[in-house]
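K.L.:
This is my_file28.txt, which holds compact mmCIF, C-alpha atoms:
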```
# COMPACT_ATOMS: atom_id res chain seq x y z
CA ILE A 1 -13.23 -5.96 -9.36
CA VAL A 2 -9.79 -4.67 -8.36
CA HIS A 3 -10.65 -1.13 -9.43
CA GLY A 4 -13.90 -1.03 -7.46
CA THR A 5 -12.24 -2.58 -4.41
CA ASN A 6 -9.40 -0.07 -4.66
CA ILE A 7 -11.88 2.80 -4.60
CA THR A 8 -13.69 1.22 -1.64
CA VAL A 9 -10.46 0.82 0.35
CA LEU A 10 -9.38 4.39 -0.48
CA ASN A 11 -12.76 5.72 0.64
CA ALA A 12 -12.46 3.74 3.88
CA ALA A 13 -9.09 5.45 4.48
CA ARG A 14 -10.78 8.80 3.89
CA LYS A 15 -13.43 7.92 6.48
CA ILE A 16 -10.71 7.90 9.13
CA ASP A 17 -8.65 10.73 7.62
CA GLU A 18 -10.45 12.96 5.14
CA LYS A 19 -7.11 14.30 3.86
CA ALA A 20 -5.77 10.84 3.04
CA ILE A 21 -4.64 10.49 -0.57
CA ASP A 22 -3.82 6.80 -0.16
CA CYS A 23 -3.50 4.11 2.53
CA SER A 24 0.17 4.67 3.39
CA GLY A 25 0.90 3.55 6.93
CA LYS A 26 -2.55 2.00 7.34
CA ILE A 27 -3.39 -1.64 7.95
CA PHE A 28 -6.45 -3.16 6.29
CA VAL A 29 -7.53 -6.50 7.81
CA THR A 30 -10.00 -8.70 5.98
CA ALA A 31 -10.79 -12.31 5.10
CA GLY A 32 -11.30 -14.44 2.05
CA LEU A 33 -9.07 -15.26 -0.90
CA GLY A 34 -11.46 -17.41 -2.91
CA GLY A 35 -13.63 -16.23 -5.79
CA MET A 36 -13.43 -12.47 -6.26
CA SER A 37 -11.83 -11.94 -2.85
CA GLY A 38 -8.33 -12.00 -4.32
CA ALA A 39 -8.97 -8.43 -5.37
CA GLN A 40 -8.68 -7.17 -1.79
CA PRO A 41 -4.93 -7.59 -1.29
CA LYS A 42 -4.12 -6.28 -4.77
CA ALA A 43 -6.40 -3.25 -4.34
CA ALA A 44 -4.88 -2.39 -0.97
CA VAL A 45 -1.35 -2.56 -2.40
CA ILE A 46 -2.37 -0.29 -5.27
CA ALA A 47 -3.71 2.08 -2.58
CA LYS A 48 -0.25 1.89 -0.92
CA GLY A 49 -1.52 0.15 2.21
CA VAL A 50 -0.77 -2.97 4.19
CA CYS A 51 -3.39 -5.66 3.60
CA VAL A 52 -3.66 -8.60 5.99
CA VAL A 53 -6.11 -11.19 4.70
CA ALA A 54 -7.03 -14.44 6.46
CA GLU A 55 -7.95 -17.55 4.52
CA VAL A 56 -8.75 -20.98 5.97
CA ASN A 57 -8.45 -22.86 2.66
CA ALA A 58 -4.76 -23.49 1.97
CA ALA A 59 -5.45 -24.16 -1.73
CA ALA A 60 -6.96 -20.67 -2.12
CA THR A 61 -4.06 -19.04 -0.24
CA ASN A 62 -1.45 -20.89 -2.29
CA LYS A 63 -3.23 -20.07 -5.55
CA ARG A 64 -3.42 -16.33 -4.77
CA HIS A 65 0.21 -16.29 -3.67
CA ALA A 66 1.36 -18.11 -6.83
CA GLN A 67 -0.70 -15.72 -8.96
CA GLY A 68 0.89 -12.68 -7.30
CA TRP A 69 -2.29 -11.42 -5.63
CA VAL A 70 -0.67 -11.96 -2.22
CA ASP A 71 2.96 -11.05 -1.56
CA GLU A 72 3.66 -13.03 1.61
CA VAL A 73 2.04 -15.90 3.55
CA TYR A 74 2.25 -16.50 7.31
CA HIS A 75 1.00 -19.40 9.44
CA ASN A 76 2.04 -17.97 12.82
CA LEU A 77 0.10 -15.03 14.25
CA ASP A 78 3.03 -13.62 16.26
CA GLU A 79 5.24 -13.55 13.15
CA LEU A 80 2.39 -12.07 11.12
CA ILE A 81 1.82 -9.26 13.62
CA ARG A 82 5.53 -8.43 13.78
CA ARG A 83 5.64 -8.29 9.98
CA MET A 84 2.53 -6.12 9.60
CA GLU A 85 3.79 -3.66 12.23
CA ILE A 86 7.12 -3.33 10.37
CA ALA A 87 5.23 -2.80 7.12
CA ARG A 88 3.04 -0.10 8.72
CA LYS A 89 6.06 1.68 10.25
CA ASN A 90 7.90 1.63 6.91
CA LYS A 91 4.74 2.58 4.98
CA GLU A 92 5.15 -0.44 2.73
CA ALA A 93 2.58 -1.36 0.14
CA VAL A 94 2.33 -5.08 0.79
CA SER A 95 -0.26 -7.85 0.95
CA ILE A 96 0.13 -10.47 3.65
CA ALA A 97 -1.97 -13.61 3.92
CA TYR A 98 -2.65 -15.37 7.20
CA GLN A 99 -3.20 -19.06 6.54
CA GLY A 100 -5.83 -19.69 9.20
CA ASN A 101 -9.20 -18.67 10.51
CA VAL A 102 -10.01 -14.98 10.59
CA VAL A 103 -11.55 -15.35 14.07
CA ASP A 104 -8.13 -16.30 15.44
CA LEU A 105 -6.67 -13.23 13.76
CA TRP A 106 -9.35 -10.81 15.00
CA GLU A 107 -9.14 -12.17 18.53
CA LYS A 108 -5.34 -11.92 18.62
CA LEU A 109 -5.44 -8.33 17.37
CA ALA A 110 -8.10 -7.40 19.94
CA GLU A 111 -6.37 -9.26 22.79
CA GLU A 112 -3.06 -7.51 22.11
CA ASN A 113 -4.71 -4.11 21.46
CA ILE A 114 -3.12 -3.86 18.02
CA SER A 115 -4.26 -0.71 16.28
CA ILE A 116 -5.98 -1.50 12.99
CA GLU A 117 -7.17 1.37 10.81
CA ILE A 118 -9.52 -0.48 8.42
CA GLY A 119 -11.36 -3.78 8.67
CA SER A 120 -13.70 -5.74 6.46
CA ASP A 121 -14.69 -9.29 5.52
CA GLN A 122 -15.25 -10.69 2.07
CA THR A 123 -16.08 -14.24 2.96
CA SER A 124 -19.40 -15.56 1.69
CA LEU A 125 -21.46 -14.80 4.78
CA HIS A 126 -24.58 -14.70 2.63
CA ASN A 127 -24.15 -18.49 2.53
CA PRO A 128 -22.49 -19.28 5.88
CA PHE A 129 -23.55 -22.92 6.28
CA ALA A 130 -22.49 -24.30 2.91
CA GLY A 131 -18.84 -23.31 2.81
CA GLY A 132 -19.19 -19.55 3.00
CA TYR A 133 -17.83 -19.51 6.53
CA TYR A 134 -15.69 -21.92 8.54
CA PRO A 135 -15.78 -22.31 12.32
CA VAL A 136 -12.77 -21.43 14.42
CA GLY A 137 -10.94 -24.45 15.81
CA LEU A 138 -11.63 -26.67 12.81
CA SER A 139 -9.42 -27.14 9.79
CA PHE A 140 -10.81 -26.59 6.32
CA GLU A 141 -10.95 -30.35 5.80
CA GLU A 142 -12.68 -30.99 9.15
CA SER A 143 -15.21 -28.29 8.32
CA GLU A 144 -15.94 -29.76 4.90
CA LYS A 145 -16.54 -33.16 6.50
CA MET A 146 -18.80 -31.67 9.17
CA ILE A 147 -20.85 -29.78 6.55
CA ALA A 148 -21.60 -33.11 4.85
CA GLU A 149 -21.99 -35.36 7.88
CA GLN A 150 -23.16 -33.11 10.75
CA PRO A 151 -24.75 -29.99 9.26
CA ASP A 152 -26.59 -29.03 12.48
CA LEU A 153 -23.38 -29.16 14.53
CA PHE A 154 -21.59 -27.22 11.80
CA LYS A 155 -24.27 -24.52 11.97
CA GLU A 156 -23.91 -24.27 15.78
CA LYS A 157 -20.14 -23.89 15.45
CA VAL A 158 -20.51 -21.22 12.77
CA TYR A 159 -22.85 -19.20 14.99
CA ALA A 160 -20.45 -19.51 17.94
CA SER A 161 -17.54 -18.40 15.73
CA LEU A 162 -19.48 -15.44 14.38
CA ARG A 163 -20.26 -14.27 17.92
CA ARG A 164 -16.56 -14.41 18.77
CA GLN A 165 -15.62 -12.59 15.56
CA VAL A 166 -18.14 -9.80 16.17
CA ALA A 167 -16.94 -9.38 19.77
CA ALA A 168 -13.32 -8.93 18.62
CA ILE A 169 -14.31 -6.58 15.80
CA ASN A 170 -16.45 -4.52 18.19
CA LYS A 171 -13.48 -4.15 20.54
CA LEU A 172 -11.27 -2.94 17.69
CA THR A 173 -13.89 -0.53 16.35
CA ALA A 174 -14.27 0.90 19.87
CA GLN A 175 -10.54 1.62 19.65
CA GLY A 176 -10.94 3.46 16.34
CA MET A 177 -10.95 0.88 13.56
CA TYR A 178 -13.27 1.73 10.66
CA PHE A 179 -15.08 -1.47 9.70
CA PHE A 180 -17.20 -1.90 6.59
CA ASP A 181 -18.85 -4.76 4.78
CA TYR A 182 -19.50 -5.06 1.07
```
Kindly present the structure from the file in structure tokens form.

P.N.:
Amino acid sequence: IVHGTNITVLNAARKIDEKAIDCSGKIFVTAGLGGMSGAQPKAAVIAKGVCVVAEVNAAATNKRHAQGWVDEVYHNLDELIRRMEIARKNKEAVSIAYQGNVVDLWEKLAEENISIEIGSDQTSLHNPFAGGYYPVGLSFEESEKMIAEQPDLFKEKVYASLRRQVAAINKLTAQGMYFFDY
């Protein structure tokens, strides 16, 4: 999985710069650290890029960090953005997890006009209403409870979150970000 993801990330870098030999100085923003998603941060580091990956489930984030798939973990978006900008400037190969909802991350990046070279999402959007996606504004635990007790409300909140996520991604792609989905 890491090898294939590495090739995908490198090819995304080549979509924005056909002479690119790696991802040096480029930020790759994505989501998901459960299942096979842990490959994203490792693949981006192998490609010499900066990977910022959001994950709402603290257990998944902690597991990937303990396993060495993620180098650093941040809970505060301002601190995260400062760190990723330093990493880009210094052309570091580093993986940074944001412990929180990816919608918050995308919206903050769009609101502050932060230049992002590559974007993706490896959450389980093929199964968004059974734990594949979590609504913004709810914790992982609150979401799990809502899935079980109020599935219709959960579905509404997922749709609202997806609309917000797409709006932020569209703003960033209009500014030059190359976005792909697996």

K.L.:
Between A:Ser124, A:Asn113, A:Gln40, A:Asn76, which one has atoms that come closest to Leu172 of chain A, using all atoms listed in the file?

P.N.:
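Of A:Ser124, A:Asn113, A:Gln40, A:Asn76, the one nearest Leu172 of chain A, counting all atoms listed in the file, is A:Asn113.
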
K.L.:
Could you name the residues that touch segment 161-165 of chain A at 8 Å or less, counting only C-alpha atoms, but leaving out those on the same chain fewer than 6 positions away, as a VMD selection string?

P.N.:
chain A and resid 102 to 103 106 to 107 135 to 136

K.L.:
Ranking A:Lys26, A:Phe140, A:Asn170, A:Gln67 by minimum distance to Arg14 of chain A and counting all atoms listed in the file, which one comes first?

P.N.:
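For Arg14 of chain A, the nearest of the candidates is A:Lys26.
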
K.L.:
Excluding Gly132 of chain A and any residue of its chain fewer than 6 positions from it, enumerate the residues within 12 Å of it, using only C-alpha atoms, and give them as an MDAnalysis selection string.

P.N.:
chainID A and resid 31:35 55:57 121:126 140 143:144 147 154:155 158

K.L.:
Report the distance between atom CA of Asn62 of chain A and atom CA of Glu111 of chain A in Å, rounded to one decimal place.

P.N.:
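Spanning atom CA of Asn62 of chain A to atom CA of Glu111 of chain A is a straight-line distance of 28.1 Å.
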